Structure formats: C-alpha cells, structure tokens
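Structure below is coords18.cif: mmCIF, C-alpha atoms.
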```
data_upload
#
loop_
_atom_site.label_atom_id
_atom_site.label_comp_id
_atom_site.auth_asym_id
_atom_site.auth_seq_id
_atom_site.Cartn_x
_atom_site.Cartn_y
_atom_site.Cartn_z
CA MET A 17 -165.93 -49.69 -250.02
CA THR A 18 -164.28 -48.36 -246.92
CA SER A 19 -160.53 -48.23 -246.77
CA THR A 20 -160.49 -50.73 -243.93
CA ARG A 21 -162.44 -53.24 -245.93
CA THR A 22 -160.46 -52.55 -249.05
CA ARG A 23 -157.22 -53.26 -247.32
CA LEU A 24 -158.52 -56.34 -245.59
CA ILE A 25 -159.91 -57.84 -248.71
CA SER A 26 -156.89 -56.99 -250.77
CA ALA A 27 -154.62 -58.31 -248.04
CA ALA A 28 -156.45 -61.56 -248.11
CA ALA A 29 -156.24 -61.52 -251.88
CA ALA A 30 -159.90 -62.26 -252.09
CA THR A 31 -160.14 -62.23 -255.83
CA ALA A 32 -162.43 -65.17 -256.26
CA VAL A 33 -166.08 -64.28 -256.06
CA ILE A 34 -168.37 -67.13 -255.24
CA ALA A 35 -171.89 -67.07 -256.51
CA SER A 36 -173.40 -68.93 -253.63
CA SER A 37 -171.47 -68.91 -250.43
CA THR A 38 -172.19 -71.58 -247.88
CA LEU A 39 -174.53 -70.43 -245.19
CA PHE A 40 -173.67 -71.06 -241.61
CA ALA A 41 -176.27 -71.83 -239.02
CA ALA A 42 -176.81 -69.40 -236.20
CA PRO A 43 -174.35 -70.09 -233.41
CA ALA A 44 -175.37 -71.79 -230.25
CA ALA A 45 -173.68 -71.01 -226.99
CA GLN A 46 -170.84 -73.40 -226.43
CA ALA A 47 -169.67 -74.92 -223.22
CA ASP A 48 -166.50 -73.30 -221.96
CA GLY A 49 -163.41 -75.07 -223.17
CA GLY A 50 -164.60 -76.38 -226.53
CA TYR A 51 -162.43 -73.84 -228.28
CA TYR A 52 -159.12 -74.78 -226.68
CA GLY A 53 -156.43 -76.05 -229.00
CA THR A 54 -154.67 -75.08 -232.18
CA TRP A 55 -156.84 -74.01 -235.06
CA THR A 56 -155.71 -73.67 -238.66
CA LEU A 57 -157.23 -70.93 -240.81
CA THR A 58 -158.77 -72.57 -243.86
CA ALA A 59 -160.75 -69.75 -245.45
CA VAL A 60 -161.60 -66.07 -245.21
CA LYS A 61 -164.96 -64.83 -246.41
CA ALA A 62 -165.97 -61.20 -246.88
CA GLY A 63 -169.49 -60.95 -248.18
CA GLU A 64 -169.68 -62.98 -251.34
CA ILE A 65 -165.93 -63.16 -251.65
CA LYS A 66 -164.15 -66.24 -250.42
CA GLN A 67 -160.45 -66.90 -250.25
CA LYS A 68 -159.21 -70.35 -249.39
CA CYS A 69 -156.08 -70.34 -247.31
CA ASP A 70 -153.97 -72.63 -249.44
CA GLY A 71 -151.37 -70.22 -250.72
CA LEU A 72 -147.67 -70.95 -250.74
CA PRO A 73 -145.38 -69.07 -248.31
CA GLN A 74 -143.99 -66.91 -251.10
CA GLU A 75 -147.43 -66.01 -252.42
CA GLU A 76 -147.90 -62.82 -250.47
CA ASP A 77 -151.05 -61.90 -252.38
CA LYS A 78 -152.83 -65.03 -251.21
CA CYS A 79 -154.08 -66.34 -247.90
CA ARG A 80 -151.25 -68.65 -246.99
CA ALA A 81 -151.69 -72.19 -245.79
CA GLY A 82 -150.70 -73.24 -242.31
CA MET A 83 -151.55 -70.07 -240.40
CA THR A 84 -152.78 -70.96 -236.94
CA LEU A 85 -154.56 -69.58 -233.92
CA ALA A 86 -153.76 -71.40 -230.68
CA LEU A 87 -156.17 -70.88 -227.78
CA LYS A 88 -154.68 -72.12 -224.54
CA ALA A 89 -156.33 -73.15 -221.32
CA ASN A 90 -154.65 -70.29 -219.45
CA TYR A 91 -156.51 -67.77 -221.62
CA ARG A 92 -153.47 -66.97 -223.69
CA TYR A 93 -153.43 -67.08 -227.47
CA VAL A 94 -150.79 -67.25 -230.16
CA SER A 95 -151.64 -66.24 -233.71
CA THR A 96 -149.51 -66.69 -236.81
CA ILE A 97 -152.21 -65.26 -239.05
CA LYS A 98 -150.93 -62.52 -241.31
CA GLY A 99 -152.77 -60.29 -243.72
CA LEU A 100 -155.61 -59.44 -241.35
CA GLU A 101 -153.64 -57.27 -238.96
CA ILE A 102 -156.29 -54.63 -238.42
CA ILE A 103 -158.82 -57.14 -237.12
CA LEU A 104 -156.58 -59.87 -235.69
CA LEU A 105 -153.04 -58.93 -234.85
CA PRO A 106 -150.48 -61.74 -235.11
CA GLY A 107 -148.46 -62.55 -232.03
CA LYS A 108 -149.33 -63.35 -228.45
CA GLY A 109 -151.91 -62.03 -226.08
CA ASP A 110 -154.85 -62.67 -223.82
CA PHE A 111 -158.32 -63.77 -224.72
CA VAL A 112 -161.59 -64.11 -222.92
CA THR A 113 -164.92 -65.54 -223.95
CA THR A 114 -168.36 -64.55 -222.82
CA THR A 115 -171.98 -64.99 -223.78
CA MET A 116 -174.09 -61.93 -224.47
CA ALA A 117 -176.95 -62.06 -222.02
CA GLY A 118 -179.51 -60.64 -224.39
CA THR A 119 -178.76 -62.60 -227.55
CA ALA A 120 -176.85 -65.66 -226.30
CA SER A 121 -174.17 -64.83 -228.84
CA HIS A 122 -170.90 -66.42 -227.80
CA VAL A 123 -168.04 -63.99 -228.35
CA ILE A 124 -164.28 -64.07 -228.00
CA VAL A 125 -162.21 -60.98 -227.26
CA PHE A 126 -158.52 -60.79 -228.13
CA ASN A 127 -156.00 -58.38 -226.66
CA THR A 128 -152.48 -58.41 -227.99
CA ASP A 129 -149.50 -58.11 -225.67
CA ASP A 130 -148.02 -55.40 -227.87
CA TYR A 131 -150.76 -52.78 -227.48
CA PRO A 132 -152.93 -52.94 -224.37
CA THR A 133 -156.06 -51.50 -225.94
CA PHE A 134 -155.87 -53.32 -229.27
CA LEU A 135 -159.08 -55.18 -228.54
CA ARG A 136 -160.82 -57.19 -231.20
CA VAL A 137 -163.98 -59.19 -230.72
CA TRP A 138 -165.65 -61.89 -232.79
CA LYS A 139 -168.75 -63.98 -232.58
CA VAL A 140 -167.57 -67.56 -232.27
CA THR A 141 -169.32 -70.67 -233.50
CA LEU A 142 -168.03 -74.17 -232.86
CA LYS A 143 -169.12 -77.06 -235.04
CA GLY A 144 -168.55 -80.72 -235.57
CA THR A 145 -169.08 -81.73 -231.98
CA ARG A 146 -170.72 -85.09 -232.63
CA TYR A 147 -167.65 -87.09 -231.71
CA GLY A 148 -166.20 -85.01 -228.91
CA ALA A 149 -164.29 -81.77 -229.27
CA PRO A 150 -165.41 -79.41 -232.01
CA SER A 151 -163.46 -79.71 -235.23
CA LYS A 152 -164.52 -76.46 -236.85
CA MET A 153 -164.55 -72.89 -235.56
CA VAL A 154 -166.00 -69.89 -237.34
CA LEU A 155 -165.29 -66.34 -236.20
CA THR A 156 -167.88 -63.92 -237.54
CA GLY A 157 -168.14 -60.16 -237.57
CA SER A 158 -169.43 -57.27 -239.57
CA PHE A 159 -167.90 -54.11 -240.89
CA GLY A 160 -171.24 -52.39 -240.83
CA GLU A 161 -172.74 -50.49 -243.66
CA ASN A 162 -170.58 -48.59 -246.09
CA PRO A 163 -172.26 -45.19 -246.37
CA GLU A 164 -170.89 -44.77 -249.87
CA ASP A 165 -172.45 -48.05 -250.96
CA PRO A 166 -175.27 -49.32 -248.73
CA SER A 167 -175.30 -52.64 -250.57
CA ASP A 168 -171.76 -53.23 -249.33
CA ASP A 169 -172.57 -54.62 -245.92
CA ALA A 170 -170.03 -57.36 -245.94
CA PRO A 171 -169.92 -59.75 -243.04
CA ILE A 172 -166.54 -61.34 -242.57
CA LYS A 173 -165.90 -64.91 -241.52
CA LEU A 174 -162.71 -66.65 -240.55
CA VAL A 175 -163.09 -70.41 -240.90
CA PHE A 176 -160.79 -72.69 -238.90
CA ARG A 177 -160.28 -76.40 -238.55
CA ARG A 178 -158.70 -77.94 -235.52
CA ASP A 179 -155.19 -79.04 -236.33
CA ALA A 180 -156.05 -79.09 -240.03
CA LYS A 181 -153.10 -79.66 -242.34
CA MET B 2 -163.35 -46.14 -241.82
CA ALA B 3 -166.46 -44.37 -240.68
CA PRO B 4 -166.67 -40.67 -241.52
CA THR B 5 -167.01 -39.78 -237.86
CA ILE B 6 -163.71 -41.32 -236.97
CA LYS B 7 -162.20 -39.89 -240.12
CA ARG B 8 -163.14 -36.45 -238.96
CA ILE B 9 -161.78 -37.05 -235.50
CA ILE B 10 -158.54 -38.36 -236.91
CA ALA B 11 -158.30 -35.42 -239.26
CA ALA B 12 -159.01 -33.02 -236.44
CA ALA B 13 -156.37 -34.62 -234.30
CA GLY B 14 -153.96 -34.35 -237.18
CA THR B 15 -152.82 -37.92 -236.94
CA THR B 16 -151.65 -40.20 -239.67
CA ALA B 17 -149.48 -42.40 -237.50
CA LEU B 18 -150.35 -46.03 -237.13
CA ILE B 19 -149.83 -48.03 -234.01
CA ALA B 20 -146.11 -47.53 -233.64
CA GLY B 21 -146.11 -45.06 -230.81
CA VAL B 22 -149.06 -45.85 -228.67
CA VAL B 23 -149.12 -44.51 -225.15
CA MET B 24 -149.22 -47.41 -222.78
CA VAL B 25 -152.27 -47.56 -220.60
CA GLY B 26 -152.13 -49.33 -217.30
CA ALA B 27 -154.36 -52.33 -216.83
CA PRO B 28 -157.37 -51.42 -214.73
CA ALA B 29 -158.41 -53.32 -211.69
CA ALA B 30 -161.51 -55.44 -211.99
CA ARG B 31 -164.61 -53.72 -210.69
CA ALA B 32 -167.50 -55.17 -208.86
CA ASP B 33 -170.34 -55.95 -211.18
CA GLY B 34 -172.84 -53.17 -211.42
CA ASP B 35 -170.70 -50.09 -210.93
CA TYR B 36 -171.12 -49.21 -214.57
CA TYR B 37 -174.91 -49.22 -214.61
CA GLY B 38 -176.58 -45.93 -215.35
CA THR B 39 -176.55 -43.15 -217.88
CA TRP B 40 -173.20 -41.73 -218.89
CA THR B 41 -172.64 -38.53 -220.83
CA LEU B 42 -169.76 -38.14 -223.25
CA ALA B 43 -167.54 -35.39 -221.89
CA ALA B 44 -164.45 -35.60 -224.08
CA ILE B 45 -162.66 -37.54 -226.78
CA LYS B 46 -158.91 -37.98 -226.75
CA ALA B 47 -157.05 -38.98 -229.87
CA ASP B 48 -153.30 -39.31 -229.94
CA GLY B 49 -152.73 -36.87 -227.14
CA GLN B 50 -155.25 -34.29 -228.26
CA LYS B 51 -158.44 -33.77 -226.33
CA VAL B 52 -161.74 -32.47 -227.66
CA LYS B 53 -164.37 -31.48 -225.12
CA CYS B 54 -167.93 -32.42 -225.98
CA GLU B 55 -169.81 -29.34 -224.97
CA GLU B 56 -170.93 -27.70 -228.16
CA SER B 57 -174.42 -27.96 -229.55
CA GLU B 58 -172.97 -29.47 -232.68
CA GLY B 59 -169.64 -29.85 -234.42
CA LEU B 60 -166.85 -32.32 -233.94
CA CYS B 61 -168.12 -33.55 -230.59
CA PRO B 62 -171.57 -32.31 -229.68
CA GLY B 63 -172.68 -32.20 -226.07
CA GLY B 64 -175.42 -34.29 -224.55
CA GLN B 65 -174.41 -37.62 -226.08
CA THR B 66 -175.27 -40.42 -223.69
CA LEU B 67 -174.63 -44.11 -223.17
CA ALA B 68 -177.09 -45.90 -220.92
CA LEU B 69 -176.01 -49.26 -219.49
CA LYS B 70 -179.02 -51.01 -218.05
CA THR B 71 -179.25 -53.77 -215.50
CA ASN B 72 -180.81 -56.12 -218.06
CA TYR B 73 -177.59 -55.95 -220.08
CA ARG B 74 -179.11 -53.71 -222.70
CA TYR B 75 -177.52 -50.48 -223.80
CA ALA B 76 -178.74 -47.40 -225.61
CA ALA B 77 -176.42 -44.81 -227.12
CA SER B 78 -177.09 -41.48 -228.77
CA ALA B 79 -176.60 -41.56 -232.51
CA TYR B 80 -173.29 -39.74 -232.62
CA LEU B 81 -171.81 -41.73 -229.75
CA ALA B 82 -173.07 -45.00 -231.24
CA ARG B 83 -171.21 -44.31 -234.46
CA ILE B 84 -167.99 -43.67 -232.57
CA LEU B 85 -168.37 -46.72 -230.38
CA MET B 86 -169.00 -49.11 -233.28
CA LEU B 87 -166.70 -47.30 -235.74
CA THR B 88 -169.41 -47.62 -238.33
CA ASP B 89 -172.45 -45.75 -239.52
CA LYS B 90 -174.59 -48.85 -239.24
CA GLY B 91 -176.63 -49.60 -236.22
CA ASP B 92 -179.39 -48.03 -234.25
CA GLY B 93 -177.52 -47.41 -231.03
CA LYS B 94 -179.29 -50.16 -229.15
CA GLY B 95 -178.20 -53.64 -228.28
CA SER B 96 -176.78 -56.00 -225.72
CA PHE B 97 -173.61 -55.56 -223.74
CA ALA B 98 -171.28 -57.65 -221.62
CA THR B 99 -168.33 -56.77 -219.42
CA PRO B 100 -165.87 -59.69 -219.40
CA VAL B 101 -162.55 -59.45 -217.60
CA PHE B 102 -159.35 -60.89 -219.02
CA PRO B 103 -158.25 -63.52 -216.49
CA GLY B 104 -154.58 -62.75 -216.99
CA THR B 105 -154.55 -58.97 -216.75
CA GLN B 106 -157.83 -58.23 -214.99
CA GLN B 107 -158.49 -55.74 -217.77
CA GLN B 108 -162.22 -55.17 -218.10
CA VAL B 109 -163.86 -54.87 -221.48
CA LEU B 110 -167.14 -53.41 -222.61
CA VAL B 111 -168.49 -55.56 -225.46
CA LEU B 112 -171.36 -54.16 -227.50
CA GLU B 113 -173.57 -56.19 -229.82
CA ASP B 114 -175.72 -53.80 -231.82
CA ASP B 115 -179.25 -54.96 -232.62
CA ALA B 116 -178.78 -54.04 -236.26
CA GLY B 117 -175.03 -54.18 -236.82
CA GLY B 118 -174.14 -57.15 -234.63
CA ILE B 119 -170.54 -57.66 -233.58
CA VAL B 120 -168.04 -55.39 -235.28
CA PRO B 121 -164.55 -56.86 -234.79
CA LEU B 122 -162.91 -53.46 -234.96
CA GLY B 123 -165.27 -51.49 -232.77
CA SER B 124 -167.38 -53.66 -230.50
CA ALA B 125 -164.91 -54.06 -227.65
CA TRP B 126 -163.46 -51.19 -225.60
CA GLN B 127 -161.23 -51.22 -222.57
CA MET B 128 -163.33 -49.99 -219.65
CA VAL B 129 -162.03 -48.20 -216.59
CA LEU B 130 -164.21 -46.75 -213.85
CA LYS B 131 -162.81 -43.82 -211.88
CA ASP B 132 -163.61 -41.29 -209.19
CA LYS B 133 -165.20 -43.67 -206.76
CA ARG B 134 -164.43 -41.68 -203.65
CA SER B 135 -168.01 -41.10 -202.64
CA GLY B 136 -169.71 -44.28 -203.71
CA SER B 137 -170.48 -45.13 -207.31
CA PRO B 138 -167.88 -44.16 -209.90
CA THR B 139 -168.59 -40.90 -211.65
CA LYS B 140 -166.21 -41.34 -214.56
CA LEU B 141 -166.12 -44.02 -217.23
CA VAL B 142 -163.15 -44.18 -219.58
CA LEU B 143 -163.30 -46.28 -222.74
CA SER B 144 -160.15 -46.82 -224.80
CA LEU B 145 -159.48 -48.55 -228.10
CA GLN B 146 -156.48 -48.84 -230.35
CA THR B 147 -158.02 -48.84 -233.81
CA GLY B 148 -154.84 -49.32 -235.76
CA PHE B 149 -155.19 -45.74 -236.93
CA GLY B 150 -154.59 -44.32 -233.50
CA GLU B 151 -155.81 -44.81 -229.96
CA TYR B 152 -159.10 -43.24 -228.96
CA THR B 153 -160.26 -42.56 -225.45
CA LEU B 154 -163.82 -41.63 -224.63
CA VAL B 155 -164.34 -39.93 -221.29
CA LEU B 156 -167.86 -40.17 -219.95
CA ARG B 157 -169.34 -38.79 -216.75
CA ARG B 158 -172.30 -40.14 -214.91
CA ASP B 159 -175.31 -37.93 -215.50
CA ALA B 160 -173.07 -35.06 -216.52
CA GLN B 161 -174.88 -32.11 -218.00
#
```
Can you turn what I pasted into structure tokens?
Amino acid sequence: MTSTRTRLISAAAATAVIASSTLFAAPAAQADGGYYGTWTLTAVKAGEIKQKCDGLPQEEDKCRAGMTLALKANYRYVSTIKGLEIILLPGKGDFVTTTMAGTASHVIVFNTDDYPTFLRVWKVTLKGTRYGAPSKMVLTGSFGENPEDPSDDAPIKLVFRRDAK
Amino acid sequence: MAPTIKRIIAAAGTTALIAGVVMVGAPAARADGDYYGTWTLAAIKADGQKVKCEESEGLCPGGQTLALKTNYRYAASAYLARILMLTDKGDGKGSFATPVFPGTQQQVLVLEDDAGGIVPLGSAWQMVLKDKRSGSPTKLVLSLQTGFGEYTLVLRRDAQ
C-alpha cells in the first residue's frame, strides 16, 4: 500500500473491514447550488474499509463526530475535517464546481487559502433530492493502482449529511 | 506515492512538507481556447530545483507531450501522465475541464482519466498560460502542492 494511502487510512483509523460495502449509484450532474450549506462527515470509506465518523473528541485514532464542510454561495468553503489533510486540508478556501464535458462527471475543486496550489478535486454526488435540497453528499476519488499490489486499487469516499448531528 | 514522484522528490533532495512553500501569484483568467494544442514537457521544478526534460531517458525524458483537444479530451505521454495523476494507473487519456475559481480567478486544469478517474491528489493543477506576445501562448505552467512539496511542470507549445 502506498505511503499516502497508509497514512490516510491510519489517520482515519479505518480498522473495521466491511464485507459488503454499500454501492453508490453513478452520479448524475446536479444543478448548480444543490451543494450549498453545511455538511457533516458521517463516514469515510477506502476500498472495503469503512470508518463511521462517530468518535469522541479525545479519540484521535478515530474519525471524530461533528466534523463539517461548509460550502457557501460565494464559492468559499470552511472545513473542520481533520485526519485527511493530504486530500482535504482543514481551514478556509475557495471552491469551484464543474461538469466534465466528456463524462458528465460533476466535480468540485478545493483550494485552501494557506497554500495557493494545494488543489484537491473530487467527484461529487448529491442524493436525497425528493423533497427539495439534497440531504446526502458523497465525494469520491481514487488513489490509482498501487504498483506493489495491483489488487489495492482503493477508491475513497467521503459521505456527508446535510446538517447531520 | 507513485515511484515517479518519489524519484523526483529524491532527486530534488526534499523531505520538507508544506511549511515553506513559495507563494505563487494567482493567474489571470484566460479566454477559453488558448490552451488547446499539443504541449511538450520542457522542465520540472521541485522545491526550487529545476530539471530540464531533454534527455532520451532518465529522470525527465524529452518528447513527453500533453495534447488538449477542442472536444475536451486530452492525451498525455506515459511518463507525463504518471506525473500529472501522481499514480501509475491510467492510460494517459481522458476528459479535461478548465474551471476558474470565482474568487481568485485562478484557473485549474482538471483531468479525469479514462481508467483511473478522478484522483483527489493529482487530478487538478493550477494552470497559467504565458508568453502570449505574438498570439497564442507558447508556455503552459502547471503547479501543484502535493503535501510533499510543490511541483511545477513547464510545457511549451510544439517544443522539440
């Protein structure tokens, strides 16, 4: 496993291996604005490993409860998510969304205020739109293939709920 | 971390994390289309050290190209594709987009590889077009802070 993945997974304390992770449907392009609001991180998945974010503040080896990502209408974000620094730096910054012309993948790009080229991009899927604004957001990415272990091709998912407590 | 980047980092002799990053000015937004064409990797900069890409092989071989097509498809040479995506996975082909941050006007090159998809750590690079004195820009500069150092790829249009 690559060092990046090792640190991410260990940082998220993903010790629980699930035999059958829930599959998410392919994302559809979302109308601009459905992602605005404050989102609470509820789970981190890396391949078959899932870590619920229900840890106590003092439990540094777990994904802590109550970590949020706020996406504002002025294209500014505020993240309190810790433990995933290499792929989503906590703090404030700018974001932009776009749809890939070829695949219709909807993506969101973050850029922290602290380092102007610390760009991170995720495929974004919004769900639960039957009664208005989406209530669930999933950010999806891949680490690519680990050349030392081709079977280790872990996708990573960050699962959010709007204003979840 | 992909072996390619490992070798670049090792060659640059850097172990520092993101504490002392050189600040890069936000680029002005460019008119859509200036980036179309075939670009050749001319140099890689890592933490202040520059490696020219002019050898037949080695740390940065010459002749590595990135083609940005008008149908929003890209094609990258194998070595350059691995650097861009920071992974060994992918076939160097995929879709691209060039969104601009509304607040800073910073333009981004987003790459979605046909095989590897979106890689959070490597699929988005700051994009600056330069040397536009005589029409189309002749220089494309891509920058990314990986967390293990900042990397800048200097590409020239149709450079040989």
Could you name the residues that touch Tyr91 in chain A at 7 Å or less, counting all atoms listed in the file, but leaving out those on the same chain fewer than 5 positions away, as a short mmCIF file (atom, residue, chain, number, x, y, z; two decimals) with C-alpha atoms, in the frame of the given file?
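To be explicit, this is the file written out as out_22.cif:
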```
data_model
loop_
_atom_site.label_atom_id
_atom_site.label_comp_id
_atom_site.auth_asym_id
_atom_site.auth_seq_id
_atom_site.Cartn_x
_atom_site.Cartn_y
_atom_site.Cartn_z
CA ASP A 110 -154.85 -62.67 -223.82
CA PHE A 111 -158.32 -63.77 -224.72
CA VAL A 112 -161.59 -64.11 -222.92
CA PRO B 103 -158.25 -63.52 -216.49
#
```
Picked residues, the PyMOL selection byres ((chain A) within 9 of (chain B)), expected as number ranges by chain: A: 18-21, 90-92, 101-104, 110-119, 121, 123, 125, 127, 131-139, 156-163
Shortest interatomic distance to Leu42 in chain B - which of B:Cys54, B:Ala76, B:Ala68, B:Val129, counting all atoms listed in the file: B:Cys54
Residue nearest Thr141 in chain A - candidates A:Arg177, A:Cys79, A:Gly107, A:Gly71, atoms counted: all atoms listed in the file: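 The shortest atom-to-atom distance to Thr141 in chain A comes from A:Arg177.
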Straight-line distance linking CA of Lys78 in chain A with CA of Ile97 in chain A, stated in Å to one decimal: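 Atom-to-atom, CA of Lys78 in chain A and CA of Ile97 in chain A are spaced 12.2 Å apart.
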Test item: which residues lie within 9 Å of (-165.9, -72.0, -235.1) counting only C-alpha atoms, as a ChimeraX atom specification: /A:43,51,139-143,150-156,174-177
Save the residues we just selected, C-alpha atoms, as a short mmCIF file (atom, residue, chain, number, x, y, z; two decimals), keeping the file's coordinate frame?
```cif
data_model
loop_
_atom_site.label_atom_id
_atom_site.label_comp_id
_atom_site.auth_asym_id
_atom_site.auth_seq_id
_atom_site.Cartn_x
_atom_site.Cartn_y
_atom_site.Cartn_z
CA PRO A 43 -174.35 -70.09 -233.41
CA TYR A 51 -162.43 -73.84 -228.28
CA LYS A 139 -168.75 -63.98 -232.58
CA VAL A 140 -167.57 -67.56 -232.27
CA THR A 141 -169.32 -70.67 -233.50
CA LEU A 142 -168.03 -74.17 -232.86
CA LYS A 143 -169.12 -77.06 -235.04
CA PRO A 150 -165.41 -79.41 -232.01
CA SER A 151 -163.46 -79.71 -235.23
CA LYS A 152 -164.52 -76.46 -236.85
CA MET A 153 -164.55 -72.89 -235.56
CA VAL A 154 -166.00 -69.89 -237.34
CA LEU A 155 -165.29 -66.34 -236.20
CA THR A 156 -167.88 -63.92 -237.54
CA LEU A 174 -162.71 -66.65 -240.55
CA VAL A 175 -163.09 -70.41 -240.90
CA PHE A 176 -160.79 -72.69 -238.90
CA ARG A 177 -160.28 -76.40 -238.55
#
```
Å distance separating CA of Ser135 in chain B from CA of Asp35 in chain B, one decimal place: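 Interatomic distance here is 12.5 Å.
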Atomic separation - CA of Glu56 in chain B relative to CA of Ala44 in chain B, Å: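 Computing the Euclidean distance for CA of Ala44 in chain B and CA of Glu56 in chain B yields 11.0 Å.
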Who sits within 9 Å of range 52-59 of chain A, only C-alpha atoms, same chain under 3 positions skipped, as JSON, numbers by chain: {"A": [48, 49, 66, 67, 68, 69, 70, 79, 80, 81, 82, 83, 84, 85, 86, 87, 88, 89, 94, 97, 151, 152, 153, 173, 174, 175, 176, 177, 178, 179, 180, 181]}
Give me, as a PDB file with C-alpha atoms, in the coordinates of the input, all polymer residues having an atom no more than 7 Å from Ser78 in chain B, counting all atoms listed in the file and skipping those fewer than 6 positions away in the same chain.
```
ATOM      1  CA  GLN B  65    -174.410 -37.620-226.080  1.00  0.00           C
ATOM      2  CA  THR B  66    -175.270 -40.420-223.690  1.00  0.00           C
ATOM      3  CA  LEU B  67    -174.630 -44.110-223.170  1.00  0.00           C
ATOM      4  CA  GLY B  93    -177.520 -47.410-231.030  1.00  0.00           C
TER       5      GLY B  93
END
```
Nearest candidate to Gln50 in chain B (options B:Asp114, B:Ser137, B:Leu154, B:Val142; using all atoms listed in the file): B:Leu154
Selected residue of minimal separation from Thr145 in chain A among A:Gly63, A:Gly99, A:Gly50, A:Gly109, counting all atoms listed in the file: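 For Thr145 in chain A, the nearest of the given residues is A:Gly50.
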